[in-house]
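Content type compact mmCIF, C-alpha atoms, from the file model.txt:
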# COMPACT_ATOMS: atom_id res chain seq x y z
CA MET A 1 -5.42 -55.45 -86.58
CA SER A 2 -6.92 -56.55 -83.27
CA GLY A 3 -10.44 -55.73 -82.10
CA LEU A 4 -9.07 -53.59 -79.28
CA ASN A 5 -9.76 -49.90 -79.69
CA ILE A 6 -6.15 -48.74 -79.28
CA ARG A 7 -5.57 -45.01 -79.61
CA GLN A 8 -3.94 -44.00 -82.89
CA ASP A 9 -3.55 -40.28 -82.17
CA SER A 10 -0.39 -38.65 -80.85
CA CYS A 11 0.31 -39.76 -77.26
CA GLU A 12 3.20 -38.97 -74.95
CA LEU A 13 3.29 -42.57 -73.75
CA ASP A 14 2.63 -45.84 -75.49
CA PHE A 15 2.57 -47.72 -72.21
CA LEU A 16 2.27 -46.87 -68.50
CA SER A 17 2.53 -49.41 -65.70
CA LEU A 18 1.76 -49.17 -61.99
CA GLY A 19 3.68 -51.38 -59.57
CA ALA A 20 6.53 -51.81 -57.12
CA LEU A 21 10.21 -51.92 -57.98
CA VAL A 22 12.36 -54.56 -56.29
CA HIS A 23 15.98 -55.62 -56.40
CA ARG A 24 16.69 -59.32 -56.85
CA LEU A 25 19.82 -60.90 -55.44
CA ASP A 26 20.98 -63.72 -57.71
CA PRO A 27 23.82 -66.09 -56.68
CA GLY A 28 23.45 -68.00 -59.95
CA ILE A 29 23.32 -71.76 -59.55
CA ILE A 30 24.62 -71.61 -55.96
CA PRO A 31 21.99 -71.96 -53.18
CA PHE A 32 21.87 -68.92 -50.90
CA ARG A 33 23.01 -70.91 -47.87
CA LYS A 34 26.32 -71.51 -49.70
CA ALA A 35 26.58 -68.24 -51.63
CA ARG A 36 29.60 -65.94 -51.44
CA SER A 37 28.51 -63.36 -54.02
CA PHE A 38 25.53 -62.45 -56.13
CA ASP A 39 24.37 -60.27 -59.02
CA ILE A 40 21.76 -57.55 -58.47
CA HIS A 41 18.83 -57.36 -60.87
CA VAL A 42 16.23 -54.57 -60.76
CA SER A 43 12.80 -56.01 -61.33
CA GLY A 44 9.08 -55.94 -60.64
CA GLY A 45 6.41 -57.64 -62.73
CA GLU A 46 4.87 -54.38 -63.90
CA TYR A 47 8.22 -52.64 -64.42
CA ASN A 48 9.62 -55.56 -66.42
CA VAL A 49 6.99 -55.13 -69.12
CA ALA A 50 7.67 -51.39 -69.37
CA ALA A 51 11.44 -51.97 -69.51
CA ASN A 52 11.10 -54.65 -72.19
CA LEU A 53 8.83 -52.49 -74.32
CA SER A 54 11.28 -49.61 -74.10
CA ASP A 55 14.65 -51.34 -74.37
CA CYS A 56 13.85 -54.00 -76.97
CA PHE A 57 10.82 -52.67 -78.81
CA GLY A 58 11.52 -48.93 -78.76
CA LEU A 59 8.20 -47.78 -77.30
CA LYS A 60 7.71 -44.77 -75.01
CA THR A 61 7.03 -46.22 -71.57
CA SER A 62 6.68 -45.10 -67.97
CA ILE A 63 6.14 -46.56 -64.50
CA ALA A 64 4.30 -45.04 -61.54
CA THR A 65 5.98 -46.43 -58.45
CA ALA A 66 7.53 -45.80 -55.05
CA MET A 67 11.11 -44.62 -54.59
CA VAL A 68 13.25 -44.29 -51.46
CA ASP A 69 16.07 -41.80 -50.92
CA TYR A 70 18.91 -44.17 -49.98
CA PRO A 71 21.71 -45.96 -51.87
CA ILE A 72 19.58 -48.94 -52.98
CA GLY A 73 17.10 -46.42 -54.33
CA GLU A 74 19.90 -44.73 -56.28
CA LEU A 75 20.95 -48.10 -57.72
CA VAL A 76 17.38 -48.83 -58.81
CA GLN A 77 16.94 -45.38 -60.34
CA ALA A 78 20.08 -45.87 -62.44
CA ARG A 79 18.83 -49.19 -63.81
CA VAL A 80 15.45 -47.67 -64.65
CA ARG A 81 17.21 -44.90 -66.58
CA GLU A 82 19.30 -47.47 -68.46
CA THR A 83 16.18 -49.15 -69.85
CA GLY A 84 14.71 -45.84 -71.02
CA VAL A 85 11.61 -46.02 -68.80
CA THR A 86 10.31 -42.64 -67.61
CA PRO A 87 9.60 -42.87 -63.87
CA VAL A 88 6.80 -41.19 -61.96
CA TYR A 89 8.00 -41.56 -58.38
CA LYS A 90 6.20 -41.17 -55.09
CA TRP A 91 9.13 -40.42 -52.79
CA PHE A 92 9.71 -41.84 -49.32
CA GLU A 93 12.46 -40.88 -46.87
CA HIS A 94 14.60 -43.65 -45.37
CA ASP A 95 15.15 -43.37 -41.60
CA GLY A 96 18.66 -44.84 -41.85
CA VAL A 97 17.72 -47.95 -39.88
CA ARG A 98 14.41 -49.61 -40.70
CA GLY A 99 13.23 -48.03 -43.93
CA PRO A 100 10.94 -47.85 -45.75
CA ASN A 101 12.87 -49.98 -48.22
CA ILE A 102 13.00 -51.16 -51.78
CA ALA A 103 11.97 -54.82 -51.38
CA THR A 104 14.53 -57.60 -51.76
CA VAL A 105 13.83 -60.79 -53.70
CA TYR A 106 16.23 -63.70 -53.22
CA SER A 107 16.29 -66.17 -56.09
CA ASP A 108 18.86 -68.75 -57.05
CA ARG A 109 18.59 -70.30 -60.53
CA GLY A 110 18.71 -73.96 -59.57
CA TYR A 111 20.15 -76.41 -62.06
CA GLY A 112 19.01 -79.62 -63.72
CA VAL A 113 16.85 -81.57 -61.27
CA ARG A 114 17.29 -78.84 -58.62
CA ALA A 115 14.55 -76.26 -58.90
CA PRO A 116 15.06 -72.50 -58.41
CA VAL A 117 14.19 -71.23 -54.92
CA VAL A 118 12.54 -67.82 -54.43
CA PHE A 119 11.89 -66.02 -51.14
CA TYR A 120 11.33 -62.41 -50.16
CA ASN A 121 12.05 -59.63 -47.73
CA ARG A 122 9.18 -57.21 -48.31
CA SER A 123 9.10 -55.91 -44.73
CA ASN A 124 8.41 -52.16 -44.55
CA GLU A 125 8.37 -51.97 -48.35
CA ALA A 126 7.83 -48.53 -49.86
CA GLY A 127 5.68 -49.98 -52.65
CA ALA A 128 3.22 -51.34 -50.09
CA LEU A 129 2.72 -47.82 -48.72
CA LEU A 130 1.32 -46.52 -52.01
CA LYS A 131 -2.35 -45.58 -51.82
CA PRO A 132 -5.10 -43.83 -53.77
CA GLY A 133 -4.31 -40.16 -54.28
CA ASP A 134 -0.54 -40.64 -54.53
CA PHE A 135 -0.45 -40.01 -58.29
CA ASP A 136 -2.03 -37.21 -60.30
CA TRP A 137 -3.72 -39.46 -62.86
CA LYS A 138 -5.55 -36.60 -64.51
CA SER A 139 -2.28 -34.85 -65.31
CA ILE A 140 -0.53 -38.07 -66.36
CA PHE A 141 -3.27 -39.21 -68.73
CA SER A 142 -3.92 -35.72 -70.11
CA ARG A 143 -0.67 -36.03 -72.10
CA GLY A 144 -1.90 -39.15 -73.83
CA VAL A 145 -1.40 -42.80 -72.79
CA ARG A 146 -2.27 -45.69 -75.10
CA TRP A 147 -2.04 -48.62 -72.66
CA PHE A 148 -2.18 -48.92 -68.84
CA HIS A 149 -1.01 -52.05 -67.00
CA SER A 150 -0.66 -53.43 -63.48
CA GLY A 151 -0.48 -56.83 -61.81
CA GLY A 152 -1.41 -59.19 -59.02
CA ILE A 153 1.91 -59.01 -57.19
CA PHE A 154 1.44 -55.29 -56.59
CA ALA A 155 -2.22 -55.84 -55.66
CA SER A 156 -1.14 -58.27 -52.92
CA LEU A 157 1.28 -55.97 -51.12
CA SER A 158 -1.13 -54.18 -48.78
CA GLU A 159 -4.70 -53.03 -48.15
CA THR A 160 -4.06 -49.86 -50.17
CA THR A 161 -2.36 -51.08 -53.35
CA ALA A 162 -5.41 -52.73 -54.92
CA PRO A 163 -7.59 -49.62 -54.46
CA LEU A 164 -4.78 -47.64 -56.10
CA ILE A 165 -4.84 -50.03 -59.06
CA ILE A 166 -8.60 -49.58 -59.41
CA GLU A 167 -8.20 -45.79 -59.21
CA GLY A 168 -5.59 -45.94 -61.98
CA MET A 169 -7.69 -48.27 -64.13
CA GLN A 170 -10.70 -45.99 -63.88
CA ALA A 171 -8.61 -42.96 -64.83
CA ALA A 172 -7.11 -44.90 -67.74
CA LYS A 173 -10.52 -45.94 -69.06
CA ALA A 174 -11.81 -42.38 -68.78
CA ALA A 175 -8.80 -41.19 -70.82
CA GLY A 176 -9.28 -43.80 -73.57
CA ALA A 177 -6.36 -46.11 -72.68
CA ILE A 178 -6.50 -49.89 -72.97
CA THR A 179 -6.26 -51.54 -69.54
CA SER A 180 -4.49 -54.82 -68.77
CA PHE A 181 -3.59 -56.84 -65.70
CA ASP A 182 -1.28 -59.80 -65.12
CA LEU A 183 -2.83 -61.98 -62.42
CA ASN A 184 0.60 -63.30 -61.31
CA TYR A 185 -0.95 -65.21 -58.42
CA ARG A 186 1.57 -65.72 -55.60
CA ALA A 187 0.20 -67.70 -52.67
CA LYS A 188 3.07 -66.62 -50.37
CA LEU A 189 2.22 -62.95 -50.88
CA TRP A 190 -1.56 -63.29 -50.48
CA ALA A 191 -1.08 -65.38 -47.34
CA SER A 192 0.47 -62.35 -45.66
CA VAL A 193 -2.52 -60.05 -46.36
CA GLY A 194 -5.57 -62.23 -45.83
CA GLY A 195 -5.11 -65.43 -47.78
CA ALA A 196 -6.64 -66.92 -50.91
CA GLU A 197 -10.20 -65.73 -50.25
CA LYS A 198 -9.01 -62.14 -49.86
CA GLY A 199 -6.94 -62.47 -53.02
CA GLN A 200 -9.92 -63.59 -55.07
CA GLN A 201 -12.10 -60.80 -53.71
CA VAL A 202 -9.51 -58.16 -54.61
CA MET A 203 -8.63 -59.53 -58.03
CA ARG A 204 -12.27 -59.95 -59.04
CA GLN A 205 -12.83 -56.27 -58.27
CA ILE A 206 -9.90 -55.37 -60.50
CA ALA A 207 -11.01 -57.75 -63.26
CA GLY A 208 -14.22 -55.76 -63.61
CA GLN A 209 -12.14 -52.78 -64.82
CA LEU A 210 -10.14 -54.55 -67.52
CA ASP A 211 -9.91 -54.94 -71.26
CA CYS A 212 -7.09 -57.50 -71.18
CA LEU A 213 -6.06 -60.23 -68.78
CA ILE A 214 -2.81 -62.19 -68.65
CA GLY A 215 -2.69 -65.38 -66.62
CA ASN A 216 -2.46 -69.15 -66.82
CA GLU A 217 -4.96 -71.77 -65.67
CA GLU A 218 -3.73 -71.63 -62.08
CA ASP A 219 -3.93 -67.83 -62.05
CA LEU A 220 -7.50 -67.87 -63.36
CA GLN A 221 -8.65 -70.54 -60.93
CA LYS A 222 -6.82 -69.46 -57.78
CA GLY A 223 -6.72 -65.72 -58.50
CA LEU A 224 -10.27 -65.24 -59.80
CA GLY A 225 -12.00 -68.35 -58.48
CA ILE A 226 -12.94 -69.45 -62.00
CA ALA A 227 -14.10 -73.08 -62.19
CA GLY A 228 -12.01 -75.31 -64.43
CA PRO A 229 -9.96 -78.49 -64.67
CA ASP A 230 -7.48 -79.63 -62.03
CA VAL A 231 -4.33 -77.65 -62.82
CA VAL A 232 -2.10 -80.39 -61.46
CA SER A 233 -3.51 -83.39 -63.31
CA SER A 234 -4.16 -81.97 -66.78
CA LYS A 235 -2.64 -84.26 -69.40
CA SER A 236 -0.17 -81.78 -70.88
CA LYS A 237 0.98 -78.36 -69.85
CA LEU A 238 1.17 -77.48 -73.56
CA ASP A 239 -2.42 -78.51 -74.35
CA PRO A 240 -4.30 -75.24 -75.00
CA GLU A 241 -7.79 -76.73 -74.85
CA SER A 242 -8.13 -76.69 -71.06
CA PHE A 243 -7.03 -73.05 -71.02
CA PHE A 244 -9.46 -72.04 -73.75
CA GLY A 245 -12.18 -73.94 -71.90
CA LEU A 246 -11.65 -71.67 -68.90
CA ILE A 247 -12.04 -68.54 -71.03
CA GLU A 248 -15.76 -69.10 -71.56
CA ASN A 249 -16.22 -69.02 -67.79
CA VAL A 250 -14.03 -65.91 -67.50
CA VAL A 251 -15.90 -63.83 -70.08
CA ALA A 252 -19.27 -65.03 -68.78
CA GLN A 253 -18.42 -63.47 -65.42
CA PHE A 254 -16.44 -60.53 -66.82
CA PRO A 255 -17.95 -59.56 -70.20
CA ASN A 256 -15.77 -56.44 -70.23
CA ILE A 257 -12.67 -58.58 -70.91
CA LYS A 258 -11.78 -58.70 -74.61
CA MET A 259 -8.41 -60.49 -74.42
CA VAL A 260 -6.86 -63.27 -72.35
CA ALA A 261 -3.36 -64.63 -72.97
CA THR A 262 -0.78 -66.83 -71.30
CA THR A 263 2.35 -68.88 -71.78
CA LEU A 264 2.34 -72.69 -71.73
CA ARG A 265 5.39 -74.33 -70.21
CA GLU A 266 6.31 -77.99 -69.71
CA VAL A 267 9.25 -78.18 -67.30
CA HIS A 268 11.45 -81.24 -67.89
CA SER A 269 14.29 -79.86 -65.77
CA THR A 270 15.31 -76.44 -64.52
CA ASN A 271 17.20 -75.84 -67.76
CA ARG A 272 15.03 -77.65 -70.30
CA HIS A 273 11.48 -76.46 -70.96
CA ASP A 274 8.97 -76.85 -73.75
CA TRP A 275 7.43 -73.47 -74.50
CA ALA A 276 4.30 -72.18 -76.23
CA ALA A 277 1.69 -69.44 -75.79
CA VAL A 278 -2.01 -68.89 -76.45
CA LEU A 279 -4.23 -65.89 -77.07
CA TRP A 280 -8.00 -65.44 -76.91
CA LEU A 281 -9.07 -62.18 -78.54
CA ASP A 282 -12.62 -61.10 -79.31
CA GLY A 283 -13.84 -64.68 -79.29
CA LYS A 284 -11.08 -66.04 -81.56
CA ARG A 285 -8.36 -68.49 -80.53
CA TYR A 286 -4.69 -68.31 -81.48
CA VAL A 287 -1.89 -70.76 -80.62
CA SER A 288 1.85 -70.13 -81.03
CA PRO A 289 4.42 -72.60 -82.32
CA GLN A 290 6.20 -74.79 -79.76
CA CYS A 291 9.92 -74.86 -79.05
CA GLU A 292 12.43 -76.35 -76.63
CA LEU A 293 14.16 -73.86 -74.35
CA ASP A 294 17.64 -74.21 -72.88
CA VAL A 295 17.04 -71.95 -69.90
CA ILE A 296 19.65 -69.80 -68.18
CA ASP A 297 17.24 -67.84 -65.95
CA ARG A 298 13.48 -68.41 -66.12
CA ILE A 299 12.55 -65.36 -64.01
CA GLY A 300 10.81 -62.75 -66.17
CA GLY A 301 9.91 -65.03 -69.07
CA GLY A 302 6.20 -64.36 -68.63
CA ASP A 303 6.78 -60.61 -68.55
CA GLY A 304 8.85 -61.00 -71.70
CA PHE A 305 5.90 -62.73 -73.37
CA ALA A 306 3.53 -59.97 -72.26
CA ALA A 307 5.82 -57.26 -73.64
CA GLY A 308 6.15 -58.88 -77.06
CA LEU A 309 2.42 -59.51 -77.32
CA LEU A 310 1.53 -55.96 -76.28
CA TYR A 311 4.09 -54.53 -78.70
CA GLY A 312 2.49 -56.49 -81.50
CA LEU A 313 -0.97 -55.19 -80.64
CA LEU A 314 0.21 -51.61 -80.12
CA SER A 315 2.03 -51.63 -83.45
CA GLY A 316 -1.03 -52.86 -85.31
CA ARG A 317 0.17 -56.39 -86.05
CA ALA A 318 -2.35 -59.16 -86.69
CA PRO A 319 -3.23 -61.14 -83.53
CA GLU A 320 -1.37 -64.28 -84.64
CA GLU A 321 1.76 -62.21 -85.37
CA ALA A 322 1.49 -60.38 -82.03
CA LEU A 323 1.25 -63.74 -80.26
CA LYS A 324 4.35 -65.04 -82.04
CA LEU A 325 6.29 -61.91 -81.05
CA GLY A 326 5.33 -62.47 -77.42
CA TRP A 327 6.22 -66.16 -77.62
CA ALA A 328 9.57 -65.38 -79.26
CA HIS A 329 10.56 -62.59 -76.88
CA GLY A 330 9.62 -64.60 -73.79
CA ALA A 331 11.72 -67.49 -75.08
CA LEU A 332 14.72 -65.26 -75.76
CA LEU A 333 14.48 -63.61 -72.36
CA THR A 334 15.07 -66.95 -70.62
CA THR A 335 18.48 -67.14 -72.33
CA PHE A 336 19.72 -64.03 -70.46
CA PRO A 337 20.49 -63.57 -66.76
CA GLY A 338 18.19 -61.16 -64.99
CA ASP A 339 14.55 -60.20 -65.21
CA VAL A 340 14.48 -57.79 -68.17
CA THR A 341 15.40 -58.10 -71.80
CA MET A 342 18.77 -58.08 -73.49
CA ALA A 343 17.23 -58.95 -76.85
CA LYS A 344 16.99 -56.74 -79.92
CA LEU A 345 13.87 -56.40 -82.03
CA PRO A 346 15.41 -58.01 -85.17
CA GLU A 347 16.31 -61.08 -83.07
CA VAL A 348 12.74 -61.34 -81.79
CA GLU A 349 11.24 -60.94 -85.25
CA ALA A 350 13.63 -63.50 -86.74
CA PHE A 351 12.79 -66.12 -84.12
CA ALA A 352 9.08 -65.39 -84.43
CA LYS A 353 9.37 -66.16 -88.14
CA GLY A 354 11.16 -69.46 -87.49
CA GLY A 355 14.78 -68.38 -87.13
CA SER A 356 17.39 -70.76 -85.75
CA ALA A 357 20.39 -70.58 -83.44
CA ARG A 358 22.91 -70.80 -86.25
CA VAL A 359 25.93 -68.52 -85.86
CA GLN A 360 25.30 -65.03 -87.20
CA ARG A 361 28.27 -64.05 -89.37
Just give me the structure as C-alpha cells.
Amino acid sequence: MSGLNIRQDSCELDFLSLGALVHRLDPGIIPFRKARSFDIHVSGGEYNVAANLSDCFGLKTSIATAMVDYPIGELVQARVRETGVTPVYKWFEHDGVRGPNIATVYSDRGYGVRAPVVFYNRSNEAGALLKPGDFDWKSIFSRGVRWFHSGGIFASLSETTAPLIIEGMQAAKAAGAITSFDLNYRAKLWASVGGAEKGQQVMRQIAGQLDCLIGNEEDLQKGLGIAGPDVVSSKSKLDPESFFGLIENVVAQFPNIKMVATTLREVHSTNRHDWAAVLWLDGKRYVSPQCELDVIDRIGGGDGFAAGLLYGLLSGRAPEEALKLGWAHGALLTTFPGDVTMAKLPEVEAFAKGGSARVQR
C-alpha cells in the first residue's frame, strides 16, 4: 500500500480528468508535405490517462472537457464512448465557418534517423474557452471521485484554463480525492500565451494544490523553475540519480507533494529506445527495470506510464509493483499506433513480471 490516502469507500468514479480533447492526424512514416492519407486518433494528455484506465485496466473514469456540435465533434464523441470514458461536456456551437473547433494535432511518426515532427492548429479551440464556473464540481464530486487529474498542456491553452484547473483541484481536495498533474511542458504552447516565465508562474500555482506530480527533469526545471543539472548534458538519460536529486528541491518548495514520477528514455533512433521509469513516494525511491523498445508510435507513451502507475496505486498495489505496471503499460503502448491503449491487463501484468515476446499459443 502507498502512503497516499486514497478513498476506499464506494465512489461513482475511480478517476476524473480535466482537459481538452484533440484529434491527431497521422500519416504514418510519411512526412505531411508528401502525405496522401492519414489515420485519425482522438487524444489529449488528460483524456489519454482516463481512456487507458478504462479500456485496459477496467476502472470507472470520466473527463470534463469541451465539445463542439459539428461532425469532428461527433467523431470524437464516438471514440470517447468506445473507450468507456464517461464525458462531462461543456457544449459549444460551431458557426459553420470558423469554429470554435476541436483542435488538430499533426504528427508523423518519423523513422530511423528521421525524428517525428509535431505541429498544431489550436486556433479558436473550444478547450481554450473553458473557464471557472463551467462545471458543477460540487455535483460531480458529491457522487464520489477517488482521483482527480489534469495537465500542463491544458493549462497552457489560455488565460482561463489554469484557473479552471485550480478550481477543480480545490473542489477535489475538499471532496477527499487525490490530486495529480502531469507537467507536460511544451515550449511551443507556452510561447503563444506569455512564454516560459508565464508558464512557470501558472504551473507553480497549480503545484501548490497537488498530491502527485508527473514530469521529467526538463518538466521540473522548465515548468516549475526548479534548480537542477543541465538536462542536455547529463551522462545518461536512464540514470535516475539526477532526477531524484531534483526531488529534494521540489518537495522543499512544495511540501504538499507526496509523489513524483516519470519515465526515463534514451533515444537511439526513432524506433529504438531504452526505457525505464522512477517513482518517489513519501520519501522513498523506486526504480523500474530497463528494457529496449521497438517503437511503432511513441506518442502517448508517457500517458500510458501514468495510467499503469495510477492503476497500481488505486488498486492497492505496493509502490514498486505500481511502478512496474506503469513502466510495462507505457512500453506496450508504444507498440500500437495511436495515442491510447490497445493492451489488455494480463499482457501488462505479464510484462511487468518479466514476460517476453514469445508467441502466445
Could you give me, as a tab-separated table, every segment 204-320 of chain A residue with an atom at most 12 Å from segment 156-165 of chain A, plus its closest atom pair and distance in Å to one decimal, counting all atoms listed in the file, rows ordered by chain then number?
residue	atom	partner	partner_atom	distance
A:Arg204	CA	A:Ala162	CA	10.8
A:Gln205	CA	A:Ala162	CA	8.9
A:Ile206	CA	A:Ile165	CA	7.5
A:Ala207	CA	A:Ile165	CA	10.7
A:Gly208	CA	A:Ile165	CA	11.9
A:Gln209	CA	A:Ile165	CA	9.7
A:Leu210	CA	A:Ile165	CA	11.0
A:Gly223	CA	A:Ser156	CA	10.9
Write out as an NGL selection string which residues come within 12 Å of segment 55-60 of chain A when counting all atoms listed in the file, dropping same-chain ones fewer than 4 positions away.
:A and (10-17 or 47-51 or 79-87 or 144-147 or 304 or 307-312 or 314-315 or 325-326 or 329-330 or 332-333 or 340-349)
Using all atoms listed in the file, determine which residues lie at most 9 Å from Phe119 of chain A, disregarding the query and same-chain residues fewer than 5 positions distant; provide the list as a ChimeraX atom specification.
/A:104-107,188
Quick one: write out the picked residues with C-alpha atoms as a compact mmCIF listing (two decimals), keeping the file's coordinate frame?
# COMPACT_ATOMS: atom_id res chain seq x y z
CA THR A 104 14.53 -57.60 -51.76
CA VAL A 105 13.83 -60.79 -53.70
CA TYR A 106 16.23 -63.70 -53.22
CA SER A 107 16.29 -66.17 -56.09
CA LYS A 188 3.07 -66.62 -50.37
Using all atoms listed in the file, which residue out of A:Ala252, A:Leu238, A:Leu18, A:Ala277 lies closest to Val88 of chain A?
A:Leu18
Which residues come within 10 Å of Phe154 of chain A, counting all atoms listed in the file, excluding same-chain residues fewer than 5 positions away, as a list in words?
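Answer for this query is Leu18, Gly19, Ala20, Leu21, Gly44, Gly45, Glu46, Gly127, Ala128, Leu130, Thr161, Ala162, Leu164, Ile165, Leu183, Asn184 and Leu189 of chain A.
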Given all atoms listed in the file as the counted atoms, nearest of A:Gly199, A:Val76, A:Gly3, A:Trp91 to Ile257 of chain A:
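Among the listed residues, A:Gly3 lies closest to Ile257 of chain A.
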Answer as a VMD selection string, residues within 10 Å of (-13.4, -72.3, -67.0) using only C-alpha atoms
chain A and resid 217 220 to 221 225 to 229 242 to 252
May I ask for the distance between atom CA of Arg122 of chain A and atom CA of Lys90 of chain A, given in Å to one decimal place?
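If I compute the distance from atom CA of Arg122 of chain A to atom CA of Lys90 of chain A, I get 17.7 Å.
Counting from atom CA of Ala196 of chain A, the distance to atom CA of Phe148 of chain A is 25.8 Å.
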As a check of understanding: the span from atom CA of Leu75 of chain A to atom CA of Tyr120 of chain A is 18.8 Å
